[in-house]
Amino acid sequence: MMKKVFARPKSLTEVPFTYCPGCHHGIIHRLIAEVMDELNIAQDTIGIAPVGCSVFAYLFFNCDMIVAAHGRAPAVATGIKRVKPNNIVFTYQGDGDLASIGTAEIVHAANRSEKITVIFVNNAIYGMTGGQMAPTSLEGQVTQTSPYGRDPKTMGMPIRMCELLSTLNSPAYIARVALTKPAYIIRAKKAIKKGFQYQIDGKGFSLIEVLSTCPTNWGLSPKEANEWLEKKMIPYYPLAEFKNVEEVS
Amino acid sequence: MVERLLMKGNEAIGEAAIHAGCRYYFGYPITPQSELTAYMARRLLKIEGAAFIQSESEIAAINMVYGAAAAGGRVMTSSSGPGISLKQEGISYLACAELPCVIVNMMRGGPGLGSIQPAQGDYFQATKGGGHGDYHLIVLAPSSVQELVDLTIKAFDLADKYRNPAMILGDGLLGQMMEPVQFKEFQKERIPSKEDWALGSCQGRKPRRIVPFNLDPDELEKIVNKIGRKYEDLPKEVQYEVVNMDDPDIVVVAYGTVARVVKTVIQKGKKEGINIGLIRPITLYPFPYAVINDAANRVKQILVAEMSLGQMVEDVKLAANGKSKVFFYGRTGGVVISPVEIWEEVKKILNQN
Ligand SMILES: Cc1ncc(C[n+]2csc(CCOP(=O)(O)OP(=O)(O)O)c2C)c(N)n1
Ligand code: SF4
Ligand SMILES: [Mg+2]
């Protein structure tokens with residue numbers, strides 16, 4: 001008899017992803033869905049889709065979903081979780097969404113240690129609107145709105161959200177992961193699982209930043225995009241657990 | 001007999017909300033409504049399972065409301081002036097997603113940071129949409145502390161009935177004023193079940209999706225048309241008060257605080273032999289067009305008095321439809337109209353015409 005070793009996670013719907021070839025959004029969706037399957041939580045999970053390329057996340061997860069205004073997913077999650085404390089609530093947010101327009105919401109949801117899980121997709125660009133500079137775009141990075149490269153003198157340096165949020169006392173778990181190698185993917189899934197597990201255990205706020213590609217707006221092939229991420233992004237955005245409530249003595 | 005309590009307007013709204021089963025409040029302090037935020041903190045933080053959050057901003061507050069409403073909670077937020085402006089994007093999302101909630105606006109002088117004194121300059125913002133896109137709020141305009149109570153409860157019921165955000169449009173004066181109020185018994189059963197649409201556990205049913213957008217214009221048009229049909233139904237909820245309308249020489253149309261002032265002027269008129277009628281819209285959206293149209297058939301002059309440069313006057317003109325002359329008297333910036341000013345205006349109009 002043949003053993004099935006690869007199947008679509010039950011927590012994903014049948015709707016095919018709309019993401020560009022080589023985009024990491026799809027991998028991240030899959031990892032979240034696998035975690036939801038393993039923890040058997042899909043029936044109790046409420047997901048919040050952002051405004052960004054992943055606004056369509058509401059189509060892909062097999063659980064109750066709501067689309068939030070640009071940047072406001074942590075506030076929406078707060079409202080949901082306070083009414084339905086026994087449900088599992090997660091937000092899925094891009095870098096423009098979380099680190100620019102929604103900076104206040106993420107800082108304060110983290111500081112209140114809302115019992116939610118945040119998946120933060122850092123692709124160093126505004127994907128949906130066609131490739132403008134993100135708060136996380138790298139120094140010198142050419143985008144539609146930094147056509148001569150991001151100049152830190154007038155545009156600031158890219159924001160490291162994990163490091164920034166780790167200065168807060170209250171969050172339970174903050175980690176940055178990547179997906180460019182199988183070993184990274186395994187670690188990324190573990191981090192996402194921890195984020196959900198901590199919510200189930202009532203430990204508080206968790207955020208997993210996933211370094212992600214946008215081949216389309218970076219103007220690179222999928223392979224080149226992975227290389228660019230490893231060469232340029234990881235040195236500036238170190239992969240690490242920045243905060244883990246379990247390891248606090 | 002139901003007990004009579006002496007309460008401050010802002011606190012009466014809070015108690016009325018809790019009385020009506022509201023267990024979730026999200027807000028950010030701003031004068032002249034901060035007592036309401038503080039009252040909700042005092043009460044809700046002591047109720048098991050309830051939530052009060054002083055949010056990081058009004059934007060966050062309205063988005064918490066959006067989440068709580070989506071999860072099926074009876075939820076409220078409140079603010080004034082600049083804070084209400086900040087909420088507009090979220091209000092538009094609530095309307096599109098057809099989520100019920102109550103938003104209290106205790107109006108202050110504007111534009112800009114304006115003043116913290118009572119005003120009525122947010123009439124357009126409240127009744128014509130306020131945020132982006134094609135939608136309306138249900139707007140109720142109380143004129144006494146008892147009405148703050150009754151209309152707050154009603155706002156929750158209407159919001160649930162139509163699955164549309166409802167706004168209490170008060171002003172700083174009503175919020176600060178103390179008057180005796182009664183809370184009639186509230187039957188919890190009248191809160192409709194939200195089990196058939198709210199987000200939660202999808203065990204045994206299909207997953208639900210609340211999606212306030214559609215990139216296909218034909219599909220979005222369907223969504224907006226569905227919302228539009230609710231507004232066609234709303235006129236049956238029209239509520240207004242008429243005073244001294246048997247055989248008036250002139251009719252004044254005013255809402256909220258200004259209507260209270262007009263009532264004083266009516267007494268003065270009676271002593272001086274001038275019959276001043278008052279039409280006081282209680283629902284500003286839906287607007288009581290019919291009763292004003294009817295009055296326009298009977299009197300030659302209608303005076304609209306507002307604490308603004310003239311906003312509701314446009315709806316009164318629409319209602320009068322040219323059948324009588326519509327005059328306007330307003331003070332703005334936070335100045336409350338005095339009875340003397342309205343009396344002088346009435347005499348001027350009657351003398352000239
Ligand atoms: C209030 C508001 N401002 C601007 C926009 C336009 N907008 C849509 S998505 C987006 C940026 C998305 O970038 P990001 O969050 O990084 O997500 P990505 O598409 O890269 O995954 C912007 C600016 C909007 N929808 N709402
Ligand atoms: S534009 Fe970029 S982020 Fe958006 S789907 Fe395509 S590759 Fe992914
Ligand atoms: Mg992005």
# chains A, B, ... in the order shown; residues from 1 in each chain; ligands from 1

$ residues_around --residues "Ile210 of chain B" --least-positions-apart "5" --cutoff "8 Å" --atoms "only C-alpha atoms" --output "MDAnalysis selection string"
(chainID A and resid 65:67) or (chainID B and resid 70 97)

$ interface_residues --of "chain B" --to "chain A" --cutoff "9 Å" --atoms "only C-alpha atoms" --output "PyMOL selection string"
chain B and resi 23-24+26+49-51+55-57+59-73+89-90+93+199-204+206-213

$ residues_near_ligand --ligand "ligand 2" --cutoff "8 Å" --atoms "only C-alpha atoms and all ligand atoms" --output "ChimeraX atom specification"
/A:18-25,52-54,123,125-128,130-131,213-218

$ write_last_selection --atoms "N, CA, C and O atoms" --output "CSV table (one decimal), in the first residue's frame"
chain,number,residue,atom,x,y,z
A,18,THR,N,-3.5,33.1,-5.0
A,18,THR,CA,-3.5,34.1,-6.1
A,18,THR,C,-2.1,34.8,-6.1
A,18,THR,O,-1.9,35.7,-6.9
A,19,TYR,N,-1.2,34.3,-5.3
A,19,TYR,CA,0.1,34.9,-5.2
A,19,TYR,C,1.0,34.7,-6.4
A,19,TYR,O,0.9,33.7,-7.1
A,20,CYS,N,2.0,35.6,-6.7
A,20,CYS,CA,2.9,35.4,-7.8
A,20,CYS,C,3.8,34.2,-7.6
A,20,CYS,O,4.1,33.8,-6.5
A,21,PRO,N,4.4,33.7,-8.7
A,21,PRO,CA,5.3,32.6,-8.6
A,21,PRO,C,6.5,33.1,-7.7
A,21,PRO,O,7.0,34.2,-7.9
A,22,GLY,N,6.9,32.2,-6.8
A,22,GLY,CA,8.1,32.5,-6.0
A,22,GLY,C,7.8,33.4,-4.8
A,22,GLY,O,8.7,33.7,-4.0
A,23,CYS,N,6.6,33.8,-4.6
A,23,CYS,CA,6.2,34.6,-3.5
A,23,CYS,C,6.1,33.7,-2.2
A,23,CYS,O,5.5,32.6,-2.3
A,24,HIS,N,6.6,34.2,-1.1
A,24,HIS,CA,6.5,33.4,0.1
A,24,HIS,C,5.2,33.4,0.8
A,24,HIS,O,5.0,32.6,1.7
A,25,HIS,N,4.3,34.3,0.5
A,25,HIS,CA,3.0,34.3,1.1
A,25,HIS,C,2.3,32.9,1.2
A,25,HIS,O,1.8,32.5,2.2
A,52,GLY,N,-3.3,44.4,1.8
A,52,GLY,CA,-2.0,44.1,1.2
A,52,GLY,C,-2.3,42.9,0.3
A,52,GLY,O,-3.4,42.5,0.1
A,53,CYS,N,-1.2,42.3,-0.3
A,53,CYS,CA,-1.4,41.2,-1.2
A,53,CYS,C,-2.2,40.1,-0.5
A,53,CYS,O,-3.0,39.4,-1.1
A,54,SER,N,-2.0,39.9,0.8
A,54,SER,CA,-2.7,38.8,1.5
A,54,SER,C,-4.1,39.2,2.0
A,54,SER,O,-4.6,38.5,2.9
A,123,ASN,N,8.4,41.7,3.6
A,123,ASN,CA,9.0,41.5,2.3
A,123,ASN,C,9.7,42.8,1.8
A,123,ASN,O,10.0,43.0,0.6
A,125,ILE,N,8.8,45.6,1.1
A,125,ILE,CA,8.2,46.4,0.0
A,125,ILE,C,6.7,46.4,0.1
A,125,ILE,O,6.1,45.6,0.9
A,126,TYR,N,6.0,47.4,-0.5
A,126,TYR,CA,4.6,47.3,-0.6
A,126,TYR,C,4.2,46.5,-1.9
A,126,TYR,O,4.4,47.0,-3.0
A,127,GLY,N,3.8,45.3,-1.6
A,127,GLY,CA,3.5,44.4,-2.8
A,127,GLY,C,2.3,44.8,-3.5
A,127,GLY,O,2.3,45.1,-4.7
A,128,MET,N,1.2,44.9,-2.8
A,128,MET,CA,-0.1,45.1,-3.4
A,128,MET,C,-0.2,46.4,-4.3
A,128,MET,O,-0.8,46.4,-5.4
A,130,GLY,N,2.1,47.9,-5.8
A,130,GLY,CA,3.0,47.9,-6.9
A,130,GLY,C,4.4,48.3,-6.7
A,130,GLY,O,5.1,48.8,-7.6
A,131,GLY,N,4.9,48.1,-5.4
A,131,GLY,CA,6.3,48.2,-5.2
A,131,GLY,C,6.8,49.6,-4.7
A,131,GLY,O,7.9,50.1,-5.1
A,213,THR,N,9.7,37.0,0.3
A,213,THR,CA,10.1,37.5,-1.0
A,213,THR,C,9.0,38.2,-1.7
A,213,THR,O,7.8,37.9,-1.5
A,214,CYS,N,9.3,39.1,-2.5
A,214,CYS,CA,8.4,39.7,-3.5
A,214,CYS,C,9.1,39.8,-4.8
A,214,CYS,O,9.5,40.9,-5.2
A,215,PRO,N,9.3,38.7,-5.5
A,215,PRO,CA,10.0,38.7,-6.8
A,215,PRO,C,9.5,39.7,-7.7
A,215,PRO,O,10.2,40.4,-8.4
A,216,THR,N,8.2,39.8,-7.8
A,216,THR,CA,7.5,40.7,-8.7
A,216,THR,C,8.0,42.2,-8.6
A,216,THR,O,8.4,42.8,-9.5
A,217,ASN,N,7.9,42.7,-7.4
A,217,ASN,CA,8.3,44.1,-7.2
A,217,ASN,C,9.8,44.3,-6.9
A,217,ASN,O,10.2,45.4,-6.9
A,218,TRP,N,10.5,43.2,-6.5
A,218,TRP,CA,11.9,43.4,-6.4
A,218,TRP,C,12.6,43.3,-7.8
A,218,TRP,O,13.7,43.6,-8.0

$ residues_around --residues "segment 233-240 of chain B" --least-positions-apart "2" --cutoff "9 Å" --atoms "only C-alpha atoms" --output "JSON, numbers by chain"
{"B": [138, 140, 158, 162, 228, 229, 230, 231, 242, 279, 280, 281, 282, 283, 284, 285, 286, 287, 288, 291]}

$ residues_around --residues "segment 134-143 of chain A" --least-positions-apart "5" --cutoff "9 Å" --atoms "only C-alpha atoms" --output "number ranges by chain"
A: 95-96, 99-100, 122-126, 148-152, 155-161, 217-218, 232-233, 236

$ closest_residue --among "A:Leu211, A:Ile116, A:Leu39, A:Leu31" --to "ligand 3" --atoms "only C-alpha atoms and all ligand atoms"
A:Leu211

$ select_by_dssp --residues "segment 72-234 of chain A" --states "strand (DSSP E)" --output "list of chain:residue names"
A:Ile88, A:Val89, A:Phe90, A:Thr91, A:Tyr92, A:Gln93, A:Gly94, A:Thr117, A:Val118, A:Ile119, A:Phe120, A:Val121, A:Asn122, A:Tyr173, A:Ile174, A:Ala175, A:Arg176, A:Val177, A:Ser206, A:Leu207, A:Ile208, A:Glu209, A:Val210, A:Leu211

$ write_last_selection --atoms "N, CA and C atoms" --output "PDB file, in the first residue's frame"
ATOM      1  N   ILE A  88      -9.326  31.098  19.143  1.00  0.00           N
ATOM      2  CA  ILE A  88      -7.930  31.391  18.812  1.00  0.00           C
ATOM      3  C   ILE A  88      -7.959  32.483  17.751  1.00  0.00           C
ATOM      4  N   VAL A  89      -7.242  33.571  17.986  1.00  0.00           N
ATOM      5  CA  VAL A  89      -7.307  34.718  17.080  1.00  0.00           C
ATOM      6  C   VAL A  89      -5.911  35.023  16.544  1.00  0.00           C
ATOM      7  N   PHE A  90      -5.802  35.079  15.224  1.00  0.00           N
ATOM      8  CA  PHE A  90      -4.507  35.474  14.663  1.00  0.00           C
ATOM      9  C   PHE A  90      -4.668  36.567  13.625  1.00  0.00           C
ATOM     10  N   THR A  91      -3.644  37.405  13.509  1.00  0.00           N
ATOM     11  CA  THR A  91      -3.615  38.389  12.430  1.00  0.00           C
ATOM     12  C   THR A  91      -2.501  38.005  11.472  1.00  0.00           C
ATOM     13  N   TYR A  92      -2.672  38.410  10.240  1.00  0.00           N
ATOM     14  CA  TYR A  92      -1.676  38.151   9.199  1.00  0.00           C
ATOM     15  C   TYR A  92      -1.422  39.504   8.552  1.00  0.00           C
ATOM     16  N   GLN A  93      -0.208  40.048   8.672  1.00  0.00           N
ATOM     17  CA  GLN A  93       0.004  41.440   8.269  1.00  0.00           C
ATOM     18  C   GLN A  93       1.308  41.634   7.506  1.00  0.00           C
ATOM     19  N   GLY A  94       1.267  42.502   6.517  1.00  0.00           N
ATOM     20  CA  GLY A  94       2.471  42.869   5.775  1.00  0.00           C
ATOM     21  C   GLY A  94       3.259  43.938   6.511  1.00  0.00           C
ATOM     22  N   THR A 117      -2.060  35.874  18.168  1.00  0.00           N
ATOM     23  CA  THR A 117      -0.838  35.494  17.465  1.00  0.00           C
ATOM     24  C   THR A 117      -0.747  36.326  16.194  1.00  0.00           C
ATOM     25  N   VAL A 118       0.388  36.996  16.021  1.00  0.00           N
ATOM     26  CA  VAL A 118       0.568  37.872  14.862  1.00  0.00           C
ATOM     27  C   VAL A 118       1.601  37.269  13.925  1.00  0.00           C
ATOM     28  N   ILE A 119       1.219  37.091  12.667  1.00  0.00           N
ATOM     29  CA  ILE A 119       2.163  36.641  11.651  1.00  0.00           C
ATOM     30  C   ILE A 119       2.503  37.871  10.812  1.00  0.00           C
ATOM     31  N   PHE A 120       3.769  38.266  10.885  1.00  0.00           N
ATOM     32  CA  PHE A 120       4.212  39.522  10.276  1.00  0.00           C
ATOM     33  C   PHE A 120       5.084  39.194   9.068  1.00  0.00           C
ATOM     34  N   VAL A 121       4.592  39.524   7.899  1.00  0.00           N
ATOM     35  CA  VAL A 121       5.284  39.156   6.663  1.00  0.00           C
ATOM     36  C   VAL A 121       6.094  40.351   6.161  1.00  0.00           C
ATOM     37  N   ASN A 122       7.412  40.255   6.373  1.00  0.00           N
ATOM     38  CA  ASN A 122       8.309  41.350   5.990  1.00  0.00           C
ATOM     39  C   ASN A 122       8.938  41.039   4.641  1.00  0.00           C
ATOM     40  N   TYR A 173       6.051  36.047  23.267  1.00  0.00           N
ATOM     41  CA  TYR A 173       6.941  35.398  22.296  1.00  0.00           C
ATOM     42  C   TYR A 173       7.146  36.302  21.087  1.00  0.00           C
ATOM     43  N   ILE A 174       8.409  36.557  20.754  1.00  0.00           N
ATOM     44  CA  ILE A 174       8.723  37.345  19.557  1.00  0.00           C
ATOM     45  C   ILE A 174       9.902  36.685  18.856  1.00  0.00           C
ATOM     46  N   ALA A 175       9.718  36.343  17.582  1.00  0.00           N
ATOM     47  CA  ALA A 175      10.784  35.659  16.851  1.00  0.00           C
ATOM     48  C   ALA A 175      10.795  36.087  15.394  1.00  0.00           C
ATOM     49  N   ARG A 176      11.994  36.002  14.790  1.00  0.00           N
ATOM     50  CA  ARG A 176      12.099  36.259  13.348  1.00  0.00           C
ATOM     51  C   ARG A 176      12.601  35.003  12.662  1.00  0.00           C
ATOM     52  N   VAL A 177      11.961  34.653  11.561  1.00  0.00           N
ATOM     53  CA  VAL A 177      12.307  33.436  10.835  1.00  0.00           C
ATOM     54  C   VAL A 177      12.383  33.736   9.340  1.00  0.00           C
ATOM     55  N   SER A 206       1.963  36.957  20.959  1.00  0.00           N
ATOM     56  CA  SER A 206       3.125  36.438  20.238  1.00  0.00           C
ATOM     57  C   SER A 206       3.170  37.008  18.827  1.00  0.00           C
ATOM     58  N   LEU A 207       4.377  37.219  18.345  1.00  0.00           N
ATOM     59  CA  LEU A 207       4.567  37.741  16.983  1.00  0.00           C
ATOM     60  C   LEU A 207       5.707  36.983  16.327  1.00  0.00           C
ATOM     61  N   ILE A 208       5.426  36.484  15.131  1.00  0.00           N
ATOM     62  CA  ILE A 208       6.456  35.806  14.352  1.00  0.00           C
ATOM     63  C   ILE A 208       6.656  36.599  13.070  1.00  0.00           C
ATOM     64  N   GLU A 209       7.835  37.192  12.921  1.00  0.00           N
ATOM     65  CA  GLU A 209       8.168  37.922  11.699  1.00  0.00           C
ATOM     66  C   GLU A 209       8.773  36.936  10.713  1.00  0.00           C
ATOM     67  N   VAL A 210       8.207  36.896   9.521  1.00  0.00           N
ATOM     68  CA  VAL A 210       8.721  35.997   8.497  1.00  0.00           C
ATOM     69  C   VAL A 210       9.339  36.842   7.383  1.00  0.00           C
ATOM     70  N   LEU A 211      10.653  36.701   7.169  1.00  0.00           N
ATOM     71  CA  LEU A 211      11.281  37.397   6.045  1.00  0.00           C
ATOM     72  C   LEU A 211      10.782  36.726   4.773  1.00  0.00           C
TER      73      LEU A 211
END

$ atom_distance --atom1 "atom CA of Lys268 of chain B" --atom2 "atom CA of Trp343 of chain B"
8.1 Å

$ residues_around --residues "Leu44 of chain B" --least-positions-apart "2" --cutoff "12 Å" --atoms "only C-alpha atoms" --output "MDAnalysis selection string"
chainID B and resid 14:15 17:19 21:26 36:42 46:54 75:76

$ atom_distance --atom1 "atom CA of Val262 of chain B" --atom2 "atom CA of Pro32 of chain B"
23.1 Å

$ residues_around --residues "Lys188 of chain B" --least-positions-apart "2" --cutoff "8 Å" --atoms "only C-alpha atoms" --output "mmCIF file with N, CA, C and O atoms, in the first residue's frame"
data_model
loop_
_atom_site.group_PDB
_atom_site.id
_atom_site.type_symbol
_atom_site.label_atom_id
_atom_site.label_comp_id
_atom_site.auth_asym_id
_atom_site.auth_seq_id
_atom_site.Cartn_x
_atom_site.Cartn_y
_atom_site.Cartn_z
ATOM 1 N N ALA B 20 -28.739 48.262 28.522
ATOM 2 C CA ALA B 20 -29.169 47.644 27.259
ATOM 3 C C ALA B 20 -28.323 46.423 26.894
ATOM 4 O O ALA B 20 -28.435 45.899 25.791
ATOM 5 N N GLY B 21 -27.448 46.009 27.794
ATOM 6 C CA GLY B 21 -26.680 44.793 27.545
ATOM 7 C C GLY B 21 -25.343 45.019 26.876
ATOM 8 O O GLY B 21 -24.680 44.067 26.465
ATOM 9 N N PHE B 186 -35.460 46.355 31.309
ATOM 10 C CA PHE B 186 -34.977 45.968 29.981
ATOM 11 C C PHE B 186 -34.997 44.452 29.855
ATOM 12 O O PHE B 186 -34.353 43.750 30.633
ATOM 13 N N ARG B 190 -34.866 40.877 24.088
ATOM 14 C CA ARG B 190 -35.043 41.688 22.886
ATOM 15 C C ARG B 190 -33.728 41.896 22.120
ATOM 16 O O ARG B 190 -33.732 42.394 21.008
ATOM 17 N N ILE B 191 -32.610 41.503 22.706
ATOM 18 C CA ILE B 191 -31.365 41.538 21.933
ATOM 19 C C ILE B 191 -31.386 40.362 20.972
ATOM 20 O O ILE B 191 -31.432 39.209 21.389
#

$ closest_residue --among "B:Ala12, B:Ala295, B:Val251, B:Val335" --to "Met307 of chain B" --atoms "only C-alpha atoms"
B:Val335

$ residues_around --residues "Gly81 of chain B" --least-positions-apart "5" --cutoff "9 Å" --atoms "only C-alpha atoms" --output "list in words"
Ile30, Leu86, Asn105, Met106, Met107, Arg108, Gly109, Gly110, Pro111, Gly112, Leu113, Gly114, Ser115, Ile116 and Asp122 of chain B

$ write_last_selection --atoms "all heavy atoms" --output "tab-separated table (two decimals), in the first residue's frame"
chain	number	residue	atom	x	y	z
B	30	ILE	N	-11.59	62.40	25.47
B	30	ILE	CA	-11.66	63.73	24.84
B	30	ILE	C	-12.84	64.49	25.47
B	30	ILE	O	-13.90	63.91	25.68
B	30	ILE	CB	-11.79	63.65	23.29
B	30	ILE	CG1	-11.66	65.06	22.67
B	30	ILE	CG2	-13.09	63.01	22.86
B	30	ILE	CD1	-11.52	65.07	21.14
B	86	LEU	N	-11.38	60.89	13.34
B	86	LEU	CA	-10.45	59.76	13.23
B	86	LEU	C	-11.17	58.42	13.08
B	86	LEU	O	-10.61	57.49	12.52
B	86	LEU	CB	-9.54	59.70	14.46
B	86	LEU	CG	-8.37	60.67	14.47
B	86	LEU	CD1	-7.53	60.47	15.72
B	86	LEU	CD2	-7.48	60.47	13.24
B	105	ASN	N	-21.36	60.71	19.79
B	105	ASN	CA	-20.62	61.94	19.47
B	105	ASN	C	-21.20	63.09	20.28
B	105	ASN	O	-22.30	63.57	19.99
B	105	ASN	CB	-20.71	62.23	17.97
B	105	ASN	CG	-20.00	63.54	17.59
B	105	ASN	OD1	-19.38	64.20	18.43
B	105	ASN	ND2	-20.08	63.92	16.32
B	106	MET	N	-20.49	63.52	21.32
B	106	MET	CA	-20.92	64.69	22.09
B	106	MET	C	-20.23	65.88	21.45
B	106	MET	O	-19.09	66.20	21.78
B	106	MET	CB	-20.58	64.52	23.57
B	106	MET	CG	-21.22	63.29	24.20
B	106	MET	SD	-23.00	63.16	23.89
B	106	MET	CE	-23.67	63.97	25.33
B	107	MET	N	-20.95	66.52	20.53
B	107	MET	CA	-20.32	67.51	19.65
B	107	MET	C	-19.71	68.70	20.40
B	107	MET	O	-20.29	69.22	21.34
B	107	MET	CB	-21.33	68.03	18.64
B	107	MET	CG	-21.70	67.03	17.58
B	107	MET	SD	-22.84	67.75	16.37
B	107	MET	CE	-24.38	67.73	17.28
B	108	ARG	N	-18.54	69.13	19.92
B	108	ARG	CA	-17.85	70.31	20.41
B	108	ARG	C	-17.58	71.24	19.23
B	108	ARG	O	-17.73	70.84	18.08
B	108	ARG	CB	-16.56	69.95	21.11
B	108	ARG	CG	-15.58	69.17	20.23
B	108	ARG	CD	-14.42	68.65	21.03
B	108	ARG	NE	-13.17	69.33	20.69
B	108	ARG	CZ	-12.05	69.21	21.40
B	108	ARG	NH1	-12.05	68.47	22.50
B	108	ARG	NH2	-10.96	69.83	21.04
B	109	GLY	N	-17.16	72.45	19.55
B	109	GLY	CA	-16.90	73.44	18.50
B	109	GLY	C	-15.81	72.97	17.55
B	109	GLY	O	-14.82	72.40	17.96
B	110	GLY	N	-15.98	73.22	16.29
B	110	GLY	CA	-14.99	72.88	15.27
B	110	GLY	C	-15.04	73.92	14.18
B	110	GLY	O	-15.82	74.87	14.30
B	111	PRO	N	-14.29	73.83	13.12
B	111	PRO	CA	-13.38	72.75	12.74
B	111	PRO	C	-12.05	72.78	13.51
B	111	PRO	O	-11.89	73.58	14.42
B	111	PRO	CB	-13.15	73.02	11.25
B	111	PRO	CG	-13.27	74.51	11.12
B	111	PRO	CD	-14.34	74.89	12.12
B	112	GLY	N	-11.14	71.91	13.09
B	112	GLY	CA	-9.83	71.85	13.73
B	112	GLY	C	-9.94	71.34	15.15
B	112	GLY	O	-10.85	70.60	15.49
B	113	LEU	N	-9.01	71.77	15.97
B	113	LEU	CA	-9.11	71.40	17.38
B	113	LEU	C	-10.30	72.11	18.00
B	113	LEU	O	-10.88	71.67	18.97
B	113	LEU	CB	-7.80	71.78	18.10
B	113	LEU	CG	-7.65	71.34	19.56
B	113	LEU	CD1	-7.85	69.83	19.73
B	113	LEU	CD2	-6.29	71.75	20.10
B	114	GLY	N	-10.70	73.22	17.35
B	114	GLY	CA	-11.95	73.91	17.70
B	114	GLY	C	-11.99	74.37	19.13
B	114	GLY	O	-11.06	74.98	19.62
B	115	SER	N	-13.10	74.04	19.80
B	115	SER	CA	-13.23	74.38	21.21
B	115	SER	C	-13.82	73.17	21.92
B	115	SER	O	-14.15	72.18	21.28
B	115	SER	CB	-14.16	75.57	21.39
B	115	SER	OG	-15.51	75.15	21.24
B	116	ILE	N	-13.96	73.27	23.25
B	116	ILE	CA	-14.57	72.15	23.96
B	116	ILE	C	-16.00	72.49	24.38
B	116	ILE	O	-16.61	71.81	25.16
B	116	ILE	CB	-13.72	71.72	25.18
B	116	ILE	CG1	-13.47	72.91	26.11
B	116	ILE	CG2	-12.40	71.13	24.71
B	116	ILE	CD1	-12.81	72.51	27.42
B	122	ASP	N	-21.34	68.93	13.46
B	122	ASP	CA	-21.06	67.61	12.88
B	122	ASP	C	-22.30	66.99	12.24
B	122	ASP	O	-22.33	65.78	11.98
B	122	ASP	CB	-20.52	66.65	13.95
B	122	ASP	CG	-19.25	67.15	14.61
B	122	ASP	OD1	-18.66	68.14	14.10
B	122	ASP	OD2	-18.84	66.57	15.63

$ closest_residue --among "A:Lys189, A:Gln132, A:Ala225, A:Lys153" --to "Arg30 of chain A" --atoms "only C-alpha atoms"
A:Lys189

$ atom_distance --atom1 "atom CA of Ser324 of chain B" --atom2 "atom CA of Glu241 of chain B"
20.2 Å

$ closest_residue --among "A:Thr154, A:Thr180, A:Gln197, A:Asn226" --to "Glu246 of chain A" --atoms "only C-alpha atoms"
A:Gln197

$ decode --residues "segment 32-43 of chain B" --atoms "N, CA and C atoms" --output "CSV table (one decimal), in the first residue's frame"
chain,number,residue,atom,x,y,z
B,32,PRO,N,-15.9,67.1,25.3
B,32,PRO,CA,-16.6,67.0,26.5
B,32,PRO,C,-17.4,65.7,26.8
B,33,GLN,N,-16.7,64.6,26.6
B,33,GLN,CA,-17.4,63.3,26.8
B,33,GLN,C,-16.6,62.3,27.7
B,34,SER,N,-15.5,62.8,28.3
B,34,SER,CA,-14.6,61.9,29.0
B,34,SER,C,-15.3,61.2,30.2
B,35,GLU,N,-16.3,61.8,30.8
B,35,GLU,CA,-17.0,61.2,31.9
B,35,GLU,C,-17.6,59.9,31.5
B,36,LEU,N,-18.0,59.8,30.2
B,36,LEU,CA,-18.6,58.5,29.7
B,36,LEU,C,-17.5,57.4,29.6
B,37,THR,N,-16.3,57.8,29.1
B,37,THR,CA,-15.3,56.8,29.1
B,37,THR,C,-14.9,56.3,30.5
B,38,ALA,N,-14.8,57.3,31.4
B,38,ALA,CA,-14.5,56.9,32.8
B,38,ALA,C,-15.6,56.1,33.4
B,39,TYR,N,-16.8,56.4,33.1
B,39,TYR,CA,-18.0,55.7,33.7
B,39,TYR,C,-17.9,54.2,33.2
B,40,MET,N,-17.7,54.0,31.9
B,40,MET,CA,-17.6,52.7,31.4
B,40,MET,C,-16.5,51.9,32.0
B,41,ALA,N,-15.3,52.6,32.3
B,41,ALA,CA,-14.2,51.9,33.0
B,41,ALA,C,-14.7,51.4,34.3
B,42,ARG,N,-15.3,52.3,35.1
B,42,ARG,CA,-15.7,52.0,36.4
B,42,ARG,C,-16.7,50.8,36.5
B,43,ARG,N,-17.6,50.8,35.5
B,43,ARG,CA,-18.6,49.7,35.5
B,43,ARG,C,-18.1,48.4,34.9
